[in-house]
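Engineer: So here's target_4.txt (compact mmCIF, C-alpha atoms and all ligand atoms).
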# COMPACT_ATOMS: atom_id res chain seq x y z
CA MET P 1 -24.64 -30.55 30.79
CA HIS P 2 -21.21 -31.17 29.27
CA THR P 3 -20.62 -31.22 25.55
CA TYR P 4 -18.32 -34.06 24.59
CA THR P 5 -16.20 -33.71 21.48
CA LEU P 6 -13.51 -35.89 20.03
CA THR P 7 -10.95 -33.15 20.56
CA SER P 8 -11.81 -32.92 24.26
CA MET P 9 -10.54 -36.47 24.75
CA THR P 10 -7.15 -36.40 26.38
CA LEU P 11 -5.30 -39.62 25.71
CA ARG P 12 -3.12 -39.50 28.81
CA PRO P 13 -0.36 -42.08 29.12
CA PRO P 14 -2.00 -45.18 30.62
CA THR P 15 -1.19 -46.10 34.22
CA ILE P 16 -0.31 -49.54 32.83
CA ALA P 17 2.41 -48.92 30.21
CA SER P 18 1.19 -50.26 26.80
CA PRO P 19 -1.61 -52.36 28.28
CA ARG P 20 -2.02 -55.84 26.76
CA VAL P 21 -5.43 -57.44 26.93
CA ALA P 22 -6.30 -61.07 26.13
CA ILE P 23 -9.79 -62.25 25.15
CA ALA P 24 -11.31 -65.68 25.80
CA GLY P 25 -14.46 -66.30 23.76
CA ALA P 26 -13.31 -64.09 20.88
CA THR P 27 -15.42 -65.97 18.30
CA GLY P 28 -18.71 -65.28 20.10
CA TYR P 29 -21.01 -62.34 19.45
CA ALA P 30 -19.76 -60.30 22.41
CA GLY P 31 -16.13 -61.46 22.06
CA GLN P 32 -15.94 -60.59 18.35
CA GLU P 33 -17.30 -57.13 19.07
CA LEU P 34 -14.70 -56.73 21.82
CA LEU P 35 -11.91 -57.89 19.53
CA ARG P 36 -13.04 -55.40 16.86
CA LEU P 37 -13.01 -52.55 19.37
CA LEU P 38 -9.64 -53.46 20.88
CA ALA P 39 -7.98 -54.08 17.50
CA GLY P 40 -8.69 -50.41 16.69
CA HIS P 41 -8.01 -49.06 20.18
CA PRO P 42 -5.48 -46.21 20.34
CA ALA P 43 -3.66 -47.46 23.46
CA ILE P 44 -4.59 -51.05 24.29
CA ARG P 45 -3.02 -53.96 22.40
CA VAL P 46 -4.62 -57.38 21.95
CA ALA P 47 -2.22 -59.93 23.44
CA ALA P 48 -4.20 -63.02 22.39
CA ALA P 49 -7.68 -64.04 21.29
CA MET P 50 -9.05 -67.52 22.02
CA SER P 51 -12.08 -69.73 21.49
CA SER P 52 -13.21 -73.21 22.55
CA SER P 53 -11.92 -74.77 19.34
CA ALA P 54 -8.97 -77.18 19.52
CA GLU P 55 -7.59 -75.70 16.25
CA ALA P 56 -6.20 -72.21 15.66
CA ARG P 57 -8.38 -70.44 13.07
CA ARG P 58 -9.12 -67.14 11.42
CA VAL P 59 -12.56 -65.51 11.48
CA PRO P 60 -13.48 -64.21 7.99
CA ALA P 61 -15.55 -61.33 9.42
CA LEU P 62 -12.43 -60.07 11.22
CA ALA P 63 -10.17 -60.00 8.15
CA ARG P 64 -8.01 -56.84 8.09
CA ILE P 65 -9.29 -56.03 11.56
CA TRP P 66 -7.57 -58.89 13.39
CA ASP P 67 -5.57 -61.04 11.01
CA ASP P 68 -3.89 -63.15 13.67
CA GLU P 69 -5.31 -66.57 14.36
CA ILE P 70 -7.80 -67.19 17.13
CA GLN P 71 -6.05 -69.69 19.37
CA PRO P 72 -7.37 -72.62 21.41
CA LEU P 73 -8.01 -71.72 25.05
CA ASP P 74 -4.72 -71.52 26.95
CA THR P 75 -4.97 -70.35 30.56
CA ALA P 76 -1.23 -69.67 30.95
CA ARG P 77 -1.20 -67.43 27.85
CA LEU P 78 -4.27 -65.61 29.07
CA ALA P 79 -2.61 -65.02 32.44
CA ASP P 80 0.39 -63.50 30.67
CA ALA P 81 -1.67 -60.44 29.61
CA ASP P 82 -2.14 -57.37 31.84
CA ILE P 83 -5.91 -57.86 31.82
CA VAL P 84 -8.01 -60.82 30.65
CA CYS P 85 -11.51 -60.42 29.24
CA LEU P 86 -13.81 -63.43 29.47
CA ALA P 87 -16.63 -63.47 26.89
CA LEU P 88 -17.62 -67.04 27.70
CA PRO P 89 -20.76 -68.89 28.74
CA GLU P 90 -21.42 -68.55 32.47
CA HIS P 91 -20.20 -72.03 33.43
CA ALA P 92 -16.88 -71.51 31.60
CA SER P 93 -16.31 -68.11 33.28
CA ALA P 94 -17.29 -69.59 36.64
CA ALA P 95 -14.44 -72.09 36.26
CA LEU P 96 -11.80 -69.88 34.62
CA GLY P 97 -12.38 -66.57 36.44
CA PRO P 98 -11.24 -67.67 39.92
CA GLN P 99 -8.31 -69.58 38.40
CA LEU P 100 -7.07 -66.41 36.68
CA ALA P 101 -7.70 -64.35 39.81
CA ARG P 102 -5.59 -66.79 41.85
CA ALA P 103 -2.82 -66.48 39.24
CA GLY P 104 -2.83 -62.71 39.88
CA SER P 105 -4.56 -61.65 36.62
CA ARG P 106 -6.90 -58.70 36.48
CA VAL P 107 -10.13 -59.87 34.87
CA VAL P 108 -13.16 -58.34 33.17
CA ASP P 109 -15.84 -61.02 32.98
CA LEU P 110 -18.70 -60.39 30.55
CA SER P 111 -20.79 -63.30 31.81
CA GLY P 112 -23.32 -63.21 34.63
CA ALA P 113 -21.38 -65.65 36.80
CA PHE P 114 -20.04 -63.08 39.30
CA ARG P 115 -22.65 -60.30 39.16
CA LEU P 116 -24.79 -61.21 42.17
CA ARG P 117 -23.27 -60.35 45.55
CA ASP P 118 -25.80 -62.19 47.70
CA ASP P 119 -24.67 -65.82 48.14
CA ASP P 120 -28.17 -67.32 48.17
CA SER P 121 -29.27 -65.39 45.12
CA ARG P 122 -26.07 -66.35 43.26
CA ALA P 123 -26.49 -70.00 44.24
CA MET P 124 -30.02 -69.92 42.84
CA TRP P 125 -29.31 -68.18 39.53
CA TYR P 126 -25.69 -69.15 38.88
CA PRO P 127 -25.22 -72.54 40.60
CA ASP P 128 -21.85 -73.12 38.83
CA THR P 129 -20.30 -70.04 40.43
CA PRO P 130 -18.02 -70.51 43.44
CA ALA P 131 -17.36 -67.64 45.89
CA LEU P 132 -16.71 -64.22 44.36
CA PRO P 133 -13.01 -63.60 43.72
CA GLU P 134 -11.48 -61.17 46.23
CA GLY P 135 -12.33 -57.57 45.38
CA THR P 136 -14.97 -58.30 42.72
CA VAL P 137 -16.58 -55.06 41.51
CA TYR P 138 -19.87 -54.77 39.62
CA GLY P 139 -18.82 -53.00 36.44
CA LEU P 140 -21.64 -50.59 35.66
CA THR P 141 -19.22 -47.88 34.61
CA GLU P 142 -21.28 -44.76 35.29
CA LEU P 143 -22.12 -45.83 38.86
CA HIS P 144 -18.86 -47.43 40.03
CA ARG P 145 -16.01 -45.64 38.23
CA ASP P 146 -13.60 -45.34 41.15
CA ALA P 147 -13.98 -48.95 42.28
CA ILE P 148 -13.57 -50.22 38.70
CA ALA P 149 -10.37 -48.23 38.14
CA SER P 150 -8.53 -50.15 40.85
CA ALA P 151 -10.43 -53.45 40.70
CA ALA P 152 -8.75 -56.82 40.33
CA PHE P 153 -11.93 -58.47 39.07
CA VAL P 154 -14.71 -56.64 37.24
CA SER P 155 -18.02 -58.35 36.63
CA ASN P 156 -19.44 -56.62 33.57
CA PRO P 157 -23.22 -56.05 33.88
CA GLY P 158 -25.91 -57.79 31.87
CA CYS P 159 -27.47 -56.08 28.88
CA TYR P 160 -31.03 -55.81 30.23
CA PRO P 161 -29.83 -54.74 33.72
CA THR P 162 -27.57 -52.02 32.27
CA ALA P 163 -30.53 -50.30 30.60
CA ALA P 164 -32.79 -50.68 33.66
CA ILE P 165 -30.29 -49.73 36.36
CA LEU P 166 -29.02 -46.67 34.49
CA ALA P 167 -32.58 -45.36 34.20
CA LEU P 168 -33.76 -46.25 37.70
CA ALA P 169 -30.89 -46.36 40.22
CA PRO P 170 -30.49 -42.57 40.56
CA LEU P 171 -34.27 -42.11 40.90
CA ALA P 172 -34.46 -44.84 43.57
CA ALA P 173 -31.48 -43.39 45.44
CA ALA P 174 -33.09 -39.94 45.42
CA GLY P 175 -36.31 -41.39 46.95
CA LEU P 176 -38.41 -40.46 43.94
CA LEU P 177 -39.98 -43.88 43.30
CA ASP P 178 -43.24 -44.99 44.85
CA GLY P 179 -44.74 -48.49 44.50
CA ASP P 180 -44.21 -51.07 41.79
CA VAL P 181 -41.49 -51.02 39.15
CA ILE P 182 -42.44 -52.78 35.90
CA ILE P 183 -39.81 -53.30 33.24
CA ASP P 184 -41.15 -54.36 29.86
CA ALA P 185 -38.10 -55.15 27.73
CA LYS P 186 -37.58 -55.99 24.05
CA SER P 187 -34.34 -57.48 22.82
CA GLY P 188 -32.85 -58.42 19.46
CA VAL P 189 -31.81 -62.04 19.03
CA SER P 190 -28.03 -61.55 19.27
CA GLY P 191 -28.63 -61.20 23.02
CA ALA P 192 -28.91 -64.99 23.16
CA GLY P 193 -25.45 -65.62 21.67
CA LYS P 194 -24.50 -67.25 18.39
CA LYS P 195 -25.78 -70.78 19.00
CA PRO P 196 -29.36 -71.03 17.67
CA SER P 197 -32.06 -72.69 19.74
CA GLU P 198 -35.64 -73.58 18.96
CA ARG P 199 -36.72 -70.25 20.49
CA THR P 200 -34.15 -68.10 18.66
CA HIS P 201 -33.75 -69.50 15.17
CA PHE P 202 -34.86 -67.42 12.20
CA SER P 203 -38.21 -69.00 11.36
CA GLU P 204 -39.36 -68.80 15.00
CA VAL P 205 -38.41 -65.15 15.47
CA HIS P 206 -39.05 -63.62 12.06
CA GLY P 207 -42.48 -61.99 11.88
CA SER P 208 -43.24 -62.70 15.54
CA LEU P 209 -42.90 -61.27 19.05
CA SER P 210 -42.86 -63.31 22.22
CA ALA P 211 -42.50 -62.89 25.97
CA TYR P 212 -40.19 -65.28 27.79
CA GLY P 213 -38.56 -65.81 31.18
CA VAL P 214 -41.51 -64.31 33.11
CA PHE P 215 -40.67 -64.51 36.85
CA ASN P 216 -37.68 -66.74 36.13
CA HIS P 217 -35.13 -64.56 34.34
CA ARG P 218 -31.90 -64.12 36.28
CA HIS P 219 -31.49 -60.53 35.12
CA ALA P 220 -34.38 -59.58 37.44
CA ALA P 221 -32.18 -60.38 40.46
CA GLU P 222 -29.37 -58.26 39.01
CA MET P 223 -31.76 -55.36 38.43
CA GLU P 224 -33.07 -55.60 42.00
CA GLN P 225 -29.50 -55.61 43.32
CA GLY P 226 -28.68 -52.47 41.30
CA ILE P 227 -31.88 -50.54 41.98
CA GLY P 228 -32.55 -51.67 45.56
CA ARG P 229 -36.25 -52.36 44.86
CA SER P 230 -38.17 -55.36 43.64
CA VAL P 231 -39.10 -55.33 39.96
CA THR P 232 -41.48 -57.12 37.62
CA PHE P 233 -39.35 -57.83 34.56
CA VAL P 234 -40.81 -59.18 31.33
CA PRO P 235 -38.35 -59.66 28.47
CA HIS P 236 -39.50 -60.12 24.88
CA LEU P 237 -37.65 -61.41 21.85
CA VAL P 238 -38.15 -59.22 18.78
CA PRO P 239 -37.14 -59.92 15.17
CA LEU P 240 -34.09 -57.65 15.25
CA ASN P 241 -30.41 -58.48 15.22
CA ARG P 242 -29.31 -56.19 18.02
CA GLY P 243 -30.62 -53.60 20.45
CA ILE P 244 -32.67 -53.44 23.63
CA LEU P 245 -35.57 -51.13 24.42
CA GLU P 246 -37.06 -51.10 27.90
CA THR P 247 -40.35 -49.40 28.66
CA ILE P 248 -40.34 -48.88 32.42
CA TYR P 249 -43.51 -48.11 34.36
CA VAL P 250 -43.17 -46.43 37.76
CA ARG P 251 -45.01 -43.96 39.95
CA LEU P 252 -43.30 -40.93 41.48
CA VAL P 253 -43.76 -39.92 45.12
CA PRO P 254 -46.52 -37.32 45.61
CA GLY P 255 -45.47 -33.86 44.49
CA ALA P 256 -42.62 -35.03 42.25
CA GLY P 257 -42.72 -34.40 38.50
CA SER P 258 -40.78 -34.46 35.26
CA ALA P 259 -38.43 -31.68 36.41
CA ASP P 260 -37.37 -33.84 39.37
CA VAL P 261 -36.61 -36.77 37.08
CA ALA P 262 -34.61 -34.44 34.81
CA GLY P 263 -32.75 -32.94 37.79
CA VAL P 264 -31.79 -36.28 39.35
CA LEU P 265 -30.74 -37.98 36.10
CA GLY P 266 -28.99 -34.81 34.90
CA ALA P 267 -26.92 -34.64 38.09
CA ALA P 268 -26.15 -38.38 38.05
CA TYR P 269 -24.92 -38.33 34.45
CA ALA P 270 -23.42 -34.84 34.11
CA ASP P 271 -20.01 -36.43 33.51
CA ALA P 272 -21.16 -39.54 31.67
CA PRO P 273 -20.27 -39.31 27.98
CA PHE P 274 -22.25 -42.39 26.97
CA ILE P 275 -25.56 -41.47 28.63
CA ARG P 276 -27.85 -39.30 26.52
CA LEU P 277 -30.80 -37.92 28.46
CA ARG P 278 -33.63 -37.34 26.04
CA GLY P 279 -36.44 -36.00 28.26
CA ASP P 280 -39.80 -36.33 26.52
CA ASP P 281 -38.19 -37.16 23.17
CA LEU P 282 -38.37 -40.93 23.70
CA PRO P 283 -35.43 -42.87 22.21
CA ASP P 284 -35.56 -45.87 19.89
CA ILE P 285 -33.22 -48.72 19.05
CA LYS P 286 -32.06 -47.32 15.71
CA GLN P 287 -30.57 -44.32 17.48
CA VAL P 288 -28.29 -46.45 19.66
CA ALA P 289 -27.59 -49.57 17.56
CA TYR P 290 -23.85 -49.96 16.82
CA THR P 291 -22.99 -47.31 19.44
CA ASN P 292 -21.99 -47.39 23.10
CA PHE P 293 -24.74 -44.94 24.11
CA CYS P 294 -27.57 -45.61 26.49
CA ASP P 295 -30.40 -43.19 25.69
CA ILE P 296 -33.00 -42.49 28.37
CA GLY P 297 -36.27 -40.63 27.87
CA TRP P 298 -39.29 -40.16 30.16
CA ARG P 299 -42.78 -38.79 30.39
CA VAL P 300 -44.67 -38.01 33.59
CA ASP P 301 -48.44 -37.68 33.87
CA ALA P 302 -48.60 -34.60 36.09
CA THR P 303 -52.02 -35.43 37.55
CA THR P 304 -51.35 -39.05 38.61
CA GLY P 305 -47.55 -39.19 38.95
CA ARG P 306 -47.59 -42.18 36.57
CA THR P 307 -44.26 -42.21 34.81
CA VAL P 308 -42.89 -44.05 31.80
CA LEU P 309 -39.16 -44.18 31.16
CA VAL P 310 -37.70 -45.58 27.95
CA SER P 311 -34.11 -46.82 28.10
CA CYS P 312 -32.36 -48.05 24.97
CA LEU P 313 -28.94 -49.52 24.17
CA ASP P 314 -27.06 -51.90 21.90
CA ASN P 315 -26.81 -55.21 23.77
CA LEU P 316 -23.42 -56.06 22.26
CA LEU P 317 -21.87 -52.63 22.95
CA LYS P 318 -23.13 -50.73 26.01
CA GLY P 319 -24.73 -54.04 27.07
CA ALA P 320 -21.47 -56.04 26.74
CA ALA P 321 -18.25 -55.29 24.79
CA GLY P 322 -18.50 -51.47 24.73
CA GLN P 323 -19.00 -51.29 28.48
CA ALA P 324 -16.11 -53.77 28.90
CA VAL P 325 -13.88 -51.34 26.94
CA GLN P 326 -15.08 -48.43 29.12
CA ASN P 327 -14.05 -50.50 32.14
CA LEU P 328 -10.71 -51.52 30.60
CA ASN P 329 -10.00 -47.85 29.92
CA LEU P 330 -10.60 -46.97 33.57
CA MET P 331 -8.50 -49.93 34.75
CA CYS P 332 -5.63 -48.73 32.52
CA GLY P 333 -5.97 -45.08 33.56
CA LEU P 334 -7.22 -44.02 30.11
CA ASP P 335 -10.01 -41.70 29.04
CA GLU P 336 -13.24 -43.69 29.36
CA ARG P 337 -14.06 -42.93 25.72
CA ALA P 338 -10.82 -44.24 24.20
CA GLY P 339 -11.56 -46.65 21.36
CA LEU P 340 -15.30 -46.00 21.62
CA TRP P 341 -15.81 -42.43 20.47
CA ARG P 342 -16.70 -42.23 16.80
N1 LIG J 1 -24.90 -61.55 23.51
C1 LIG J 1 -25.12 -60.50 24.29
O1 LIG J 1 -25.86 -59.57 23.93
C2 LIG J 1 -24.51 -60.44 25.67
C3 LIG J 1 -24.68 -59.26 26.42
C4 LIG J 1 -24.11 -59.17 27.70
C5 LIG J 1 -23.42 -60.26 28.21
N2 LIG J 1 -23.30 -61.40 27.48
C6 LIG J 1 -22.57 -62.52 28.07
O2 LIG J 1 -21.32 -62.64 27.42
C7 LIG J 1 -20.93 -64.02 27.34
C8 LIG J 1 -20.70 -64.37 25.87
O3 LIG J 1 -21.94 -64.18 25.20
P1 LIG J 1 -22.07 -64.34 23.62
O4 LIG J 1 -23.44 -63.93 23.30
O5 LIG J 1 -20.93 -63.69 22.93
O6 LIG J 1 -21.93 -65.95 23.47
P2 LIG J 1 -21.59 -66.79 22.17
O7 LIG J 1 -21.91 -66.02 20.95
O8 LIG J 1 -22.27 -68.10 22.37
O9 LIG J 1 -19.99 -67.00 22.26
C9 LIG J 1 -19.40 -67.79 23.27
C10 LIG J 1 -17.89 -67.78 23.10
O10 LIG J 1 -17.32 -68.57 24.13
C11 LIG J 1 -16.55 -69.66 23.54
N3 LIG J 1 -16.75 -70.84 24.39
C12 LIG J 1 -17.88 -71.55 24.58
N4 LIG J 1 -17.69 -72.52 25.50
C13 LIG J 1 -16.38 -72.43 25.87
C14 LIG J 1 -15.56 -73.17 26.79
N5 LIG J 1 -16.05 -74.16 27.52
N6 LIG J 1 -14.27 -72.79 26.89
C15 LIG J 1 -13.75 -71.79 26.17
N7 LIG J 1 -14.48 -71.06 25.29
C16 LIG J 1 -15.78 -71.38 25.16
C17 LIG J 1 -17.11 -69.83 22.15
O11 LIG J 1 -16.12 -70.42 21.33
P3 LIG J 1 -16.51 -71.24 19.98
O12 LIG J 1 -16.72 -70.22 18.90
O13 LIG J 1 -15.29 -72.07 19.73
O14 LIG J 1 -17.75 -72.03 20.31
C18 LIG J 1 -17.38 -68.37 21.78
O15 LIG J 1 -16.18 -67.73 21.43
C19 LIG J 1 -22.08 -64.82 27.96
O16 LIG J 1 -21.78 -65.14 29.29
C20 LIG J 1 -23.26 -63.86 27.91
O17 LIG J 1 -24.21 -64.09 28.95
C21 LIG J 1 -23.80 -61.50 26.21
Transcribe the structure of this file into structure tokens.
Structural biologist:
Amino acid sequence: MHTYTLTSMTLRPPTIASPRVAIAGATGYAGQELLRLLAGHPAIRVAAAMSSSAEARRVPALARIWDDEIQPLDTARLADADIVCLALPEHASAALGPQLARAGSRVVDLSGAFRLRDDDSRAMWYPDTPALPEGTVYGLTELHRDAIASAAFVSNPGCYPTAAILALAPLAAAGLLDGDVIIDAKSGVSGAGKKPSERTHFSEVHGSLSAYGVFNHRHAAEMEQGIGRSVTFVPHLVPLNRGILETIYVRLVPGAGSADVAGVLGAAYADAPFIRLRGDDLPDIKQVAYTNFCDIGWRVDATTGRTVLVSCLDNLLKGAAGQAVQNLNLMCGLDERAGLWR
């Protein structure tokens, strides 16, 4: 396994000279995180940051990080940047994404609007989405690096699917999984965005724990697309600000054991700086919150083949803005860790 150090990061000249990135949705939870990361990025410059507001405004939490005003949405100004990041609600991305693609912009879309490749599935879960823009790539960095580097349109993965697919896709591809896949997920409330609802406001969430979206959460379709198997996905809302922990129940094919899981995941992520394989030291949310890491641990019952994997990440970083920066780095020809390694 590689050891990654700050000094091992080579900040090669980007393939796009002085890349300029614009952000739509910069006042949202994911967009603010993205703006923070890009404002401190060693090579990428923020060309513009925009929100839905009709007035230009400053965000107090971004003082001395990004002191320019957040501007009203302006498609022509967005299109002027080398790459546009959309951190918008699905319906807004569904409208703006294709428009920018037609104008020749490269786009990283953080919404779910363009993640599902199957037309029927997309029509069911994202009815506002038109056809996928030409050359749309699913932006799970560790699994699609080469395609992302040259993509015109990157659909950044969902937070829950990132944790699940990173843990399961290599095992499924290696033929190690047998039978049902059950994904029991817990998420902090920032996963639902900044606008409170009856389900997400403080007095509903504080001191409680609830399951939601059982058999009708659109992230299940994204997980199935990424893993190539059907899944039972049960998300829960927990009284935390940020972070996702997924406890994943699977069975291994007869004869397979913990060493096979370690071998397959180790090979898949040998060159993945943001994946930390933890073996039987199961990860928790505190260890990944405010980082771009996805930590994956597992335990296998040698007599039955019953296996539990635990996959953990920060929904706003590896689950959204951090992964978007990884993808931007690849699209600009930069080290994947630039602006994220701390
Ligand atoms: N939160 C997460 O953990 C997470 C993880 C992965 C992916 N995502 C996805 O990322 C996207 C943003 O999520 P979020 O949680 O950051 O949402 P959010 O907190 O609700 O922020 C939404 C942002 O979009 C702007 N906006 C809303 N409607 C708009 C419109 N019609 N035109 C232009 N701008 C508009 C808002 O501006 P105002 O401030 O002016 O309202 C705000 O800046 C969503 O598609 C979400 O599914 C979120």
Engineer: Do a neighbour search on Met331 of chain P at 10 Å with only C-alpha atoms, toss out local chain neighbours closer than 4 positions, and write the hits as a compact mmCIF listing (two decimals) with C-alpha atoms, keeping the file's coordinate frame.
Structural biologist:
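What landed in part.txt:
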# COMPACT_ATOMS: atom_id res chain seq x y z
CA PRO P 14 -2.00 -45.18 30.62
CA THR P 15 -1.19 -46.10 34.22
CA ILE P 16 -0.31 -49.54 32.83
CA PRO P 19 -1.61 -52.36 28.28
CA ILE P 83 -5.91 -57.86 31.82
CA ARG P 106 -6.90 -58.70 36.48
CA VAL P 108 -13.16 -58.34 33.17
CA ARG P 145 -16.01 -45.64 38.23
CA ASP P 146 -13.60 -45.34 41.15
CA ALA P 147 -13.98 -48.95 42.28
CA ILE P 148 -13.57 -50.22 38.70
CA ALA P 149 -10.37 -48.23 38.14
CA SER P 150 -8.53 -50.15 40.85
CA ALA P 151 -10.43 -53.45 40.70
CA ALA P 152 -8.75 -56.82 40.33
CA VAL P 154 -14.71 -56.64 37.24
CA VAL P 325 -13.88 -51.34 26.94
CA GLN P 326 -15.08 -48.43 29.12
CA ASN P 327 -14.05 -50.50 32.14
CA GLU P 336 -13.24 -43.69 29.36
Engineer: Considering all atoms listed in the file, return as a count of residues only whatever protein or nucleic-acid residues lie within 8 Å of Leu132 of chain P, sequence-local ones (same chain, fewer than 4 positions apart) excluded.
Structural biologist: 4
Engineer: Enumerate residues in contact with ligand LIG 1 (chain J): an atom-to-atom distance of at most 6 Å, counting only C-alpha atoms and all ligand atoms. Format the result as a PyMOL selection string.
Structural biologist: chain P and resi 25-31+51-53+73+87-90+92+110-112+158-159+190-195+315-316+319-320
Engineer: Enter the distance from atom CA of Gly263 of chain P to atom CA of Gly226 of chain P, in Å, rounded to one decimal.
Structural biologist: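 Atom CA of Gly226 of chain P lies 20.3 Å from atom CA of Gly263 of chain P.
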Engineer: So, counting only C-alpha atoms, which residue among P:Glu142, P:Glu224, P:Ala172, P:Tyr212 is closest to Ala270 of chain P?
Structural biologist: P:Glu142
Engineer: Looking at P:Leu166, P:Val189, P:Met9, P:Leu330, which one is nearest to Val310 of chain P, with distances taken over all atoms listed in the file?
Structural biologist: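 When distances to Val310 of chain P are compared using all atoms listed in the file, the smallest one comes from P:Leu166.
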Engineer: How many Å lie between atom CA of Ala221 of chain P and atom CA of Val264 of chain P, rounded to one decimal?
Structural biologist: 24.1 Å
Engineer: Dump as CSV the rows for residues of segment 100-187 of chain P within 12 Å of segment 280-291 of chain P: closest atom pair and distance in Å with one decimal, all atoms listed in the file counted, ordered by chain and rising residue number.
Structural biologist:
residue,atom,partner,partner_atom,distance
P:Ala163,CA,P:Val288,CA,11.8
P:Ala185,CA,P:Ile285,CA,11.9
P:Lys186,CA,P:Ile285,CA,9.8
P:Ser187,CA,P:Ile285,CA,9.6
Engineer: For the residues in the current selection, export C-alpha atoms as a short mmCIF file (atom, residue, chain, number, x, y, z; two decimals), keeping the file's coordinate frame.
Structural biologist:
data_model
loop_
_atom_site.label_atom_id
_atom_site.label_comp_id
_atom_site.auth_asym_id
_atom_site.auth_seq_id
_atom_site.Cartn_x
_atom_site.Cartn_y
_atom_site.Cartn_z
CA ALA P 163 -30.53 -50.30 30.60
CA ALA P 185 -38.10 -55.15 27.73
CA LYS P 186 -37.58 -55.99 24.05
CA SER P 187 -34.34 -57.48 22.82
#
Engineer: Segment 118-127 of chain P: which residues within 10 Å, counting only C-alpha atoms, same-chain residues fewer than 3 positions away excluded, as a PyMOL selection string?
Structural biologist: chain P and resi 90-91+94+112-115+130-132+216-219+221-222+225
Engineer: Rounded to one decimal place, report the atom CA of Leu116 of chain P-atom CA of Gly175 of chain P distance in Å.
Structural biologist: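 Atom CA of Gly175 of chain P lies 23.4 Å from atom CA of Leu116 of chain P.
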Engineer: List every protein, DNA or RNA residue with an atom no more than 12 Å from (-44.5, -61.1, 32.6) in the file's coordinates, counting all atoms listed in the file, and format the result as a tab-separated table (two decimals) with C-alpha atoms, in the coordinates of the input.
Structural biologist:
chain	number	residue	atom	x	y	z
P	182	ILE	CA	-42.44	-52.78	35.90
P	183	ILE	CA	-39.81	-53.30	33.24
P	184	ASP	CA	-41.15	-54.36	29.86
P	185	ALA	CA	-38.10	-55.15	27.73
P	210	SER	CA	-42.86	-63.31	22.22
P	211	ALA	CA	-42.50	-62.89	25.97
P	212	TYR	CA	-40.19	-65.28	27.79
P	213	GLY	CA	-38.56	-65.81	31.18
P	214	VAL	CA	-41.51	-64.31	33.11
P	215	PHE	CA	-40.67	-64.51	36.85
P	216	ASN	CA	-37.68	-66.74	36.13
P	217	HIS	CA	-35.13	-64.56	34.34
P	220	ALA	CA	-34.38	-59.58	37.44
P	231	VAL	CA	-39.10	-55.33	39.96
P	232	THR	CA	-41.48	-57.12	37.62
P	233	PHE	CA	-39.35	-57.83	34.56
P	234	VAL	CA	-40.81	-59.18	31.33
P	235	PRO	CA	-38.35	-59.66	28.47
P	236	HIS	CA	-39.50	-60.12	24.88
Engineer: Using all atoms listed in the file, which residue out of P:Gly339, P:Gly305, P:Leu171, P:Leu328 lies closest to Gly266 of chain P?
Structural biologist: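 Of all the options, P:Leu171 lies closest to Gly266 of chain P.
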Engineer: With N, CA and C atoms as the goal, would you fill in the gaps in segment 214-224 of chain P and present it as a PDB file, in the coordinates of the input?
Structural biologist:
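Contents of the output file out35.pdb:
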ATOM      1  N   VAL P 214     -40.714 -65.095  32.153  1.00  0.00           N
ATOM      2  CA  VAL P 214     -41.510 -64.310  33.110  1.00  0.00           C
ATOM      3  C   VAL P 214     -41.368 -64.914  34.518  1.00  0.00           C
ATOM      4  N   PHE P 215     -40.934 -64.121  35.446  1.00  0.00           N
ATOM      5  CA  PHE P 215     -40.670 -64.510  36.850  1.00  0.00           C
ATOM      6  C   PHE P 215     -39.555 -65.544  36.997  1.00  0.00           C
ATOM      7  N   ASN P 216     -38.814 -65.833  35.926  1.00  0.00           N
ATOM      8  CA  ASN P 216     -37.680 -66.740  36.130  1.00  0.00           C
ATOM      9  C   ASN P 216     -36.476 -66.338  35.288  1.00  0.00           C
ATOM     10  N   HIS P 217     -36.301 -65.038  35.070  1.00  0.00           N
ATOM     11  CA  HIS P 217     -35.130 -64.560  34.340  1.00  0.00           C
ATOM     12  C   HIS P 217     -34.110 -64.019  35.347  1.00  0.00           C
ATOM     13  N   ARG P 218     -32.865 -64.496  35.242  1.00  0.00           N
ATOM     14  CA  ARG P 218     -31.900 -64.120  36.280  1.00  0.00           C
ATOM     15  C   ARG P 218     -31.509 -62.645  36.253  1.00  0.00           C
ATOM     16  N   HIS P 219     -31.789 -61.969  35.145  1.00  0.00           N
ATOM     17  CA  HIS P 219     -31.490 -60.530  35.120  1.00  0.00           C
ATOM     18  C   HIS P 219     -32.385 -59.736  36.077  1.00  0.00           C
ATOM     19  N   ALA P 220     -33.531 -60.303  36.476  1.00  0.00           N
ATOM     20  CA  ALA P 220     -34.380 -59.580  37.440  1.00  0.00           C
ATOM     21  C   ALA P 220     -33.636 -59.407  38.767  1.00  0.00           C
ATOM     22  N   ALA P 221     -32.927 -60.462  39.183  1.00  0.00           N
ATOM     23  CA  ALA P 221     -32.180 -60.380  40.460  1.00  0.00           C
ATOM     24  C   ALA P 221     -31.072 -59.340  40.361  1.00  0.00           C
ATOM     25  N   GLU P 222     -30.441 -59.263  39.203  1.00  0.00           N
ATOM     26  CA  GLU P 222     -29.370 -58.260  39.010  1.00  0.00           C
ATOM     27  C   GLU P 222     -29.952 -56.845  39.024  1.00  0.00           C
ATOM     28  N   MET P 223     -31.112 -56.683  38.412  1.00  0.00           N
ATOM     29  CA  MET P 223     -31.760 -55.360  38.430  1.00  0.00           C
ATOM     30  C   MET P 223     -32.105 -54.970  39.868  1.00  0.00           C
ATOM     31  N   GLU P 224     -32.665 -55.917  40.620  1.00  0.00           N
ATOM     32  CA  GLU P 224     -33.070 -55.600  42.000  1.00  0.00           C
ATOM     33  C   GLU P 224     -31.857 -55.242  42.849  1.00  0.00           C
TER      34      GLU P 224
END
